[in-house]
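Chemist: Sharing protein_1.txt, compact mmCIF, C-alpha atoms:
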# COMPACT_ATOMS: atom_id res chain seq x y z
CA MET E 94 181.85 132.51 87.43
CA ILE E 95 185.27 133.82 88.40
CA LEU E 96 185.87 134.32 92.08
CA TYR E 97 188.36 137.07 92.86
CA SER E 98 188.79 136.84 96.59
CA ILE E 99 191.41 136.23 99.25
CA VAL E 100 189.21 133.50 100.68
CA PRO E 101 189.99 130.20 98.93
CA PHE E 102 187.36 128.77 96.62
CA GLU E 103 187.00 125.61 98.73
CA VAL E 104 186.20 127.64 101.85
CA VAL E 105 183.63 129.83 100.13
CA PHE E 106 181.89 126.88 98.51
CA LYS E 107 182.14 124.47 101.43
CA ASP E 108 179.00 122.34 101.74
CA TYR E 109 177.67 123.83 98.53
CA TYR E 110 176.34 120.52 97.31
CA GLU E 111 175.53 119.00 100.68
CA ARG E 112 173.23 121.68 102.03
CA ASP E 113 169.54 121.03 101.91
CA HIS E 114 167.91 123.38 99.51
CA GLN E 115 165.46 125.50 101.41
CA SER E 116 162.12 125.95 99.81
CA LYS E 117 161.78 129.47 98.50
CA ILE E 118 158.40 131.01 97.92
CA GLU E 119 157.49 134.02 95.86
CA MET E 120 154.99 136.29 97.58
CA ASP E 121 153.70 139.85 97.70
CA TYR E 122 154.76 142.12 100.54
CA LEU E 123 154.08 145.87 100.74
CA GLY E 124 152.97 145.80 97.12
CA GLU E 125 156.24 144.30 95.88
CA LYS E 126 157.20 140.78 94.88
CA VAL E 127 159.62 139.13 97.29
CA VAL E 128 161.25 135.70 97.47
CA VAL E 129 160.99 134.41 101.04
CA VAL E 130 162.21 131.44 103.04
CA PRO E 131 159.76 130.15 105.66
CA LEU E 132 161.04 130.08 109.25
CA SER E 133 159.33 128.77 112.36
CA ASN E 134 156.36 130.50 114.07
CA ASN E 135 154.78 131.81 110.88
CA ARG E 136 157.77 134.01 110.15
CA TYR E 137 159.55 134.47 106.83
CA ARG E 138 162.95 135.80 105.86
CA ILE E 139 163.30 137.88 102.69
CA GLU E 140 165.82 136.36 100.31
CA ARG E 141 165.37 138.65 97.38
CA LEU E 142 163.27 141.54 96.18
CA ILE E 143 161.91 141.45 92.66
CA SER E 144 160.83 144.88 91.58
CA THR E 145 161.40 147.38 88.82
CA SER E 146 160.97 150.33 91.17
CA PRO E 147 164.42 151.53 92.32
CA LYS E 148 162.83 153.18 95.37
CA ALA E 149 161.68 149.81 96.70
CA TYR E 150 165.33 148.76 97.02
CA LEU E 151 165.97 151.57 99.48
CA ASN E 152 163.11 150.46 101.75
CA PRO E 153 164.69 148.76 104.79
CA LYS E 154 161.59 146.58 105.23
CA LEU E 155 162.28 144.98 101.86
CA MET E 156 166.00 144.31 102.34
CA PRO E 157 167.19 140.73 102.03
CA GLY E 158 167.52 139.21 105.47
CA SER E 159 164.68 141.08 107.15
CA ILE E 160 162.14 138.93 108.96
CA ILE E 161 158.45 139.39 108.35
CA GLN E 162 155.30 137.98 109.91
CA GLY E 163 153.36 135.53 107.79
CA ASP E 164 150.06 137.40 108.02
CA GLU E 165 151.61 140.46 106.33
CA LEU E 166 152.23 138.42 103.19
CA SER E 167 149.71 137.72 100.49
CA MET J 47 163.38 191.83 70.38
CA ARG J 48 161.64 195.08 71.26
CA GLU J 49 163.61 197.86 72.86
CA GLU J 50 161.72 197.91 76.20
CA ASP J 51 162.11 194.13 76.65
CA ARG J 52 165.82 194.35 76.19
CA VAL J 53 166.04 196.98 78.89
CA THR J 54 164.18 194.98 81.53
CA PHE J 55 166.00 191.74 80.79
CA GLY J 56 169.29 193.56 80.83
CA ASN J 57 168.52 194.88 84.28
CA THR J 58 167.68 191.53 85.83
CA SER J 59 170.81 189.85 84.53
CA VAL J 60 172.90 192.54 86.14
CA THR J 61 171.27 192.35 89.56
CA THR J 62 170.97 188.56 89.94
CA PRO J 63 174.55 187.24 90.22
CA ASP J 64 175.33 185.26 93.38
CA VAL J 65 171.84 185.83 94.77
CA PRO J 66 169.58 182.77 94.70
CA ILE J 67 166.57 183.39 92.51
CA ASP J 68 164.11 183.25 95.39
CA ASN J 69 164.85 182.59 99.01
CA ASN J 70 161.26 181.58 99.66
CA THR J 71 161.10 178.92 96.95
CA ASN J 72 161.17 176.13 99.52
CA LEU J 73 158.51 177.69 101.67
CA ASP J 74 156.31 178.41 98.65
CA GLU J 75 156.62 174.84 97.49
CA ILE J 76 155.38 173.54 100.82
CA LYS J 77 152.47 175.95 100.77
CA GLU J 78 151.53 175.41 97.13
CA LEU J 79 152.24 171.76 96.52
CA GLY J 80 152.44 170.25 99.97
CA LYS J 81 155.90 168.98 99.09
CA ALA J 82 158.15 168.66 102.12
CA SER J 83 161.58 168.25 100.69
CA ILE J 84 163.41 170.62 102.97
CA LYS J 85 167.04 169.73 102.88
CA THR J 86 169.46 170.02 105.73
CA LYS J 87 172.03 172.71 105.32
CA LYS J 88 174.85 170.29 104.55
CA GLY J 89 172.84 167.86 102.41
CA ASN J 90 171.57 164.31 102.83
CA ILE J 91 173.83 161.35 102.35
CA HIS J 92 173.17 157.69 101.82
CA CYS J 93 175.53 155.15 103.34
CA LEU J 94 176.12 151.90 101.48
CA THR J 95 178.12 149.24 103.30
CA VAL J 96 179.76 146.44 101.38
CA ILE J 97 180.76 143.56 103.63
CA GLY J 98 181.96 139.98 103.26
CA GLN J 99 181.83 138.35 99.86
CA ILE J 100 180.40 140.09 96.84
CA GLU J 101 177.74 137.62 95.78
CA GLY J 102 177.30 137.36 92.06
CA HIS J 103 175.71 134.82 89.78
CA MET J 104 175.78 132.04 92.35
CA VAL J 105 174.06 132.01 95.73
CA LEU J 106 176.83 131.32 98.21
CA PRO J 107 176.49 128.80 101.05
CA PRO J 108 175.10 130.28 104.28
CA GLN J 109 178.42 130.37 106.17
CA ASN J 110 179.45 133.32 104.00
CA LYS J 111 178.45 136.87 104.79
CA THR J 112 177.55 138.40 101.49
CA THR J 113 176.63 141.60 99.73
CA LYS J 114 174.10 140.81 97.05
CA TYR J 115 174.76 142.67 93.83
CA GLU J 116 171.21 142.29 92.53
CA HIS J 117 170.08 144.38 95.48
CA VAL J 118 172.90 146.93 95.42
CA ILE J 119 172.61 147.83 91.72
CA PRO J 120 168.98 149.05 91.84
CA GLN J 121 169.84 150.82 95.10
CA LEU J 122 172.48 152.81 93.24
CA VAL J 123 169.89 153.69 90.59
CA ALA J 124 167.52 154.89 93.33
CA ILE J 125 170.28 156.95 94.96
CA GLU J 126 171.19 158.55 91.65
CA GLU J 127 167.56 159.35 90.88
CA SER J 128 166.38 160.39 94.34
CA GLU J 129 165.90 164.09 94.93
CA GLU J 130 166.35 163.63 98.67
CA ILE J 131 169.85 162.16 98.47
CA ASP J 132 172.78 164.44 97.68
CA GLY J 133 175.73 162.10 98.07
CA LEU J 134 176.85 158.52 98.63
CA LEU J 135 179.23 157.24 101.28
CA LEU J 136 180.58 153.79 100.45
CA ILE J 137 181.99 151.82 103.37
CA LEU J 138 184.04 148.80 102.41
CA ASN J 139 185.18 145.84 104.42
CA THR J 140 185.24 143.04 101.91
CA VAL J 141 187.28 139.95 101.14
CA GLY J 142 186.44 140.04 97.43
CA GLY J 143 184.03 137.96 95.43
CA ASP J 144 182.55 137.59 91.99
CA VAL J 145 184.52 139.55 89.37
CA GLU J 146 181.51 140.39 87.24
CA ALA J 147 179.36 141.51 90.18
CA GLY J 148 182.15 143.57 91.73
CA LEU J 149 183.01 145.28 88.47
CA ALA J 150 179.33 145.93 87.80
CA ILE J 151 178.93 147.72 91.13
CA ALA J 152 182.21 149.60 90.61
CA GLU J 153 181.17 150.76 87.13
CA MET J 154 177.79 151.89 88.44
CA ILE J 155 179.43 153.96 91.17
CA ALA J 156 182.04 155.40 88.79
CA SER J 157 179.33 156.58 86.41
CA MET J 158 177.15 158.27 89.04
CA SER J 159 176.70 162.01 88.77
CA LYS J 160 176.24 162.54 92.52
CA PRO J 161 179.26 163.01 94.79
CA THR J 162 180.66 159.72 96.09
CA VAL J 163 183.28 159.02 98.73
CA SER J 164 184.55 155.62 99.85
CA LEU J 165 186.13 154.55 103.10
CA VAL J 166 188.04 151.29 103.38
CA LEU J 167 188.02 149.85 106.90
CA GLY J 168 189.57 146.57 107.92
CA GLY J 169 190.12 145.26 104.43
CA GLY J 170 189.29 145.99 100.84
CA HIS J 171 190.76 142.97 99.12
CA SER J 172 190.74 141.63 95.57
CA ILE J 173 187.59 142.87 93.85
CA GLY J 174 187.20 145.37 96.71
CA VAL J 175 190.06 147.37 95.17
CA PRO J 176 188.17 148.46 92.02
CA MET J 177 185.11 149.17 94.17
CA ALA J 178 187.12 151.45 96.47
CA VAL J 179 188.68 153.46 93.65
CA ALA J 180 185.36 153.81 91.79
CA THR J 181 184.23 156.73 93.94
CA ARG J 182 185.26 160.31 93.28
CA TYR J 183 187.44 160.39 96.37
CA CYS J 184 188.61 157.49 98.51
CA PHE J 185 189.88 157.12 102.04
CA ILE J 186 191.52 154.21 103.79
CA ALA J 187 191.90 153.72 107.53
CA PRO J 188 195.61 153.54 108.44
CA SER J 189 195.13 150.04 109.88
CA ALA J 190 193.18 148.76 106.87
CA THR J 191 194.78 146.56 104.23
CA MET J 192 194.22 145.86 100.57
CA THR J 193 195.40 142.63 98.98
CA ILE J 194 196.19 142.74 95.29
CA HIS J 195 196.68 139.34 93.70
CA PRO J 196 196.04 137.62 90.38
CA ILE J 197 192.67 136.14 89.54
CA ARG J 198 192.71 132.42 90.29
CA LEU J 199 191.50 129.57 88.19
CA ASN J 200 188.58 127.57 89.47
CA GLY J 201 186.20 125.07 87.99
CA MET J 202 187.19 123.07 84.94
CA VAL J 203 190.52 124.17 83.53
CA ILE J 204 191.67 123.10 80.09
CA GLY J 205 195.45 122.97 79.83
CA VAL J 206 195.82 125.02 76.69
CA PRO J 207 197.56 128.35 76.10
CA GLN J 208 194.16 129.92 75.44
CA THR J 209 193.23 129.36 79.09
CA TYR J 210 196.09 131.58 80.14
CA GLU J 211 195.12 134.14 77.54
CA TYR J 212 191.53 134.13 78.80
CA PHE J 213 192.54 134.68 82.40
CA ASP J 214 194.99 137.37 81.39
CA ARG J 215 192.14 139.18 79.70
CA MET J 216 189.83 138.79 82.69
CA GLN J 217 192.57 140.23 84.85
CA GLU J 218 193.12 143.05 82.42
CA ARG J 219 189.56 144.24 83.06
CA VAL J 220 190.39 144.79 86.72
CA VAL J 221 193.77 146.39 85.90
CA GLN J 222 192.22 148.77 83.39
CA PHE J 223 189.42 149.82 85.69
CA VAL J 224 191.75 150.51 88.60
CA ALA J 225 194.26 152.43 86.44
CA LYS J 226 191.46 154.51 84.95
CA ASN J 227 189.89 155.42 88.27
CA SER J 228 192.95 156.01 90.44
CA LYS J 229 196.42 157.50 90.17
CA ILE J 230 198.23 154.15 89.95
CA SER J 231 199.64 153.15 86.54
CA LYS J 232 198.68 149.90 84.85
CA ASP J 233 202.29 148.67 85.00
CA ASN J 234 202.68 149.42 88.67
CA PHE J 235 199.38 147.72 89.54
CA ARG J 236 200.34 144.64 87.52
CA LYS J 237 203.71 144.60 89.26
CA LEU J 238 202.01 144.64 92.69
CA MET J 239 199.67 141.90 91.52
CA LEU J 240 202.49 139.58 90.51
CA LYS J 241 204.97 140.33 93.28
CA THR J 242 206.45 137.32 95.03
CA GLY J 243 207.61 136.92 98.61
CA GLU J 244 204.83 139.00 100.19
CA LEU J 245 202.03 136.51 100.65
CA ALA J 246 202.53 133.13 102.31
CA ASN J 247 201.07 130.94 99.57
CA ASP J 248 200.29 133.24 96.70
CA VAL J 249 201.78 135.94 94.53
CA GLY J 250 200.60 139.45 95.16
CA THR J 251 200.93 142.29 97.64
CA VAL J 252 199.32 143.36 100.88
CA LEU J 253 199.13 147.14 101.07
CA PHE J 254 198.62 148.92 104.39
CA GLY J 255 196.66 152.16 104.48
CA ASP J 256 199.51 154.57 103.86
CA GLU J 257 201.17 152.25 101.32
CA ALA J 258 197.97 152.24 99.26
CA VAL J 259 198.09 156.04 99.34
CA LYS J 260 201.78 156.08 98.41
CA HIS J 261 201.12 153.94 95.32
CA GLY J 262 198.36 156.32 94.27
CA LEU J 263 195.66 153.69 94.61
CA ILE J 264 193.76 155.56 97.35
CA ASP J 265 193.60 159.33 97.73
CA GLU J 266 194.13 159.71 101.47
CA THR J 267 194.30 157.93 104.80
CA GLY J 268 191.56 158.90 107.20
CA GLY J 269 188.49 157.88 109.09
CA LEU J 270 184.79 158.57 109.22
CA ARG J 271 185.24 162.25 110.07
CA ASP J 272 187.47 162.88 107.05
CA ALA J 273 185.24 160.91 104.69
CA LEU J 274 182.11 162.79 105.75
CA LYS J 275 183.88 166.15 105.60
CA LYS J 276 185.07 165.43 102.07
CA LEU J 277 181.64 164.24 100.97
CA TYR J 278 179.95 167.40 102.25
CA GLU J 279 182.63 169.45 100.50
CA LEU J 280 181.92 167.67 97.21
CA ILE J 281 178.17 168.17 97.69
CA GLU J 282 178.76 171.87 98.32
CA ASP J 283 180.96 172.17 95.19
CA ASP J 284 178.33 170.39 93.11
CA LYS J 285 175.58 172.68 94.34
CA LYS J 286 177.65 175.75 93.50
CA LYS J 287 178.45 174.37 90.05
CA LYS J 288 174.79 173.62 89.39
CA GLU J 289 173.73 177.10 90.49
CA GLY J 290 176.48 178.62 88.33
CA ASN J 291 175.39 176.57 85.32
CA ALA J 292 171.74 177.47 85.80
CA HIS J 293 172.70 181.10 86.06
CA ASN J 294 174.89 181.00 82.93
CA LYS J 295 172.18 179.24 81.01
CA ALA J 296 169.59 181.80 82.08
CA SER J 297 171.78 184.72 81.11
CA GLU J 298 172.62 183.06 77.77
CA GLU J 299 168.96 182.66 76.99
CA LEU J 300 168.34 186.28 77.77
CA GLN J 301 171.01 187.54 75.43
For the structure just supplied, provide its representation as structure tokens.
Modeler:
Amino acid sequence: MILYSIVPFEVVFKDYYERDHQSKIEMDYLGEKVVVVPLSNNRYRIERLISTSPKAYLNPKLMPGSIIQGDELS
Amino acid sequence: MREEDRVTFGNTSVTTPDVPIDNNTNLDEIKELGKASIKTKKGNIHCLTVIGQIEGHMVLPPQNKTTKYEHVIPQLVAIEESEEIDGLLLILNTVGGDVEAGLAIAEMIASMSKPTVSLVLGGGHSIGVPMAVATRYCFIAPSATMTIHPIRLNGMVIGVPQTYEYFDRMQERVVQFVAKNSKISKDNFRKLMLKTGELANDVGTVLFGDEAVKHGLIDETGGLRDALKKLYELIEDDKKKKEGNAHNKASEELQ
């Protein structure tokens, strides 16, 4: 990978190896496959959407970073 | 073609110019198909904001704010395909990022058929430069800056001439894309990239808003108002062109 940025490589990748790797789970949400990271209180944060439907990527509920309740997942 | 057909067709092609085929098409569609795609007079736009680092093949540590390319690329497909969206406004405030991911997004935007306008606020550095010029028309805020500098080496570097060659070629991809999509020449862009005495610990150039315009990199300085106005203008032009084409095609078929 070539980084082309004004931020130095060392700053961008600080703690890259030290950080604890969060457990990521693949689940279904609103009929689409999403990769989520569990948070506290039965909440999950979307990390990534896996779908072949371009429309799904415009749905704000499926954007990476949005928080969802655990009981909405299957 | 029979004589009477020719007469009727001839008549319609004379009376139709400039008049939309049917003013009630929208209304009929709602009644007949239950489709509610009424468009606002000016058109609908989608706003895509690119912030922080452009995240590419590697997931960056959490202290970075990132724009994920695997999410943006299908979004661009959806925008291009959607009947509800007429144009794209790209807002940039980025410090750069992955070359491949940035160029991928830039190429996607450059090859869209819908009107696109970009607005650089704060900063559009490094790989943000090709992304800014990828749109049909670009604006930069007067206070915004763009840093143009060479691609740096990272990871394992083998001290052979081929390494230099390789990086030169990687850099050439950026230079070519920018020269193709803006008014700056390849030589001038390379000169800015390799300029010394501008940056504290690097070669390269920092361009302020109006300097970027002067070099032909960006089309105009402006803000949100100007960017939106231009986008609606482009949408309007596109609609007219489409109507004109449809009309020409129809009259050609009739002849």
Chemist: Which residue is closest to chain J? Choose from E:Ile118, E:Pro131, E:Pro101, E:Gly163 and count all atoms listed in the file.
Modeler: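 Smallest separation from chain J among the options: E:Pro101.
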Chemist: At a cut-off of 6 Å, using only C-alpha atoms, what residues contact Ser98 in chain E? Leave out same-chain residues fewer than 3 positions from it and give the result as a list in words.
Modeler: Val141, Gly142, Gly143 and Ser172 of chain J
Chemist: Report the distance between CA of Asn110 in chain J and CA of Phe102 in chain E in Å, rounded to one decimal place.
Modeler: 11.7 Å
Chemist: As a PyMOL selection string, please: the residues near Leu106 in chain J (cut-off 8 Å, only C-alpha atoms, same-chain neighbours under 5 positions excluded).
Modeler: (chain E and resi 105-106+109) or (chain J and resi 101+112)
Chemist: Measuring atom to atom with all atoms listed in the file, identify which of J:Asp248, J:Asp132, J:Asp233, J:Glu211 is nearest to chain E.
Modeler: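 Selected residue with least distance to chain E: J:Asp248.
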Chemist: Please identify all residues of chain E having at least one atom at most 9 Å from any atom of chain J, considering all atoms listed in the file, and return them as a PyMOL selection string.
Modeler: chain E and resi 94-100+102+105-109+112+141-142+145-151+156-157
Chemist: Work out how far CA of Val179 in chain J is from CA of Leu280 in chain J, in Å to one decimal.
Modeler: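 Computing the Euclidean distance for CA of Leu280 in chain J and CA of Val179 in chain J yields 16.1 Å.
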Chemist: Using only the atoms of range 140-149 of chain E listed in the file, plus 8 Å on each side, state the axis-aligned box centre and edge lengths in Å rounded to one decimal, as lines of an AutoDock Vina configuration file.
Modeler:
center_x = 163.3
center_y = 144.8
center_z = 94.6
size_x = 21.0
size_y = 32.8
size_z = 27.5
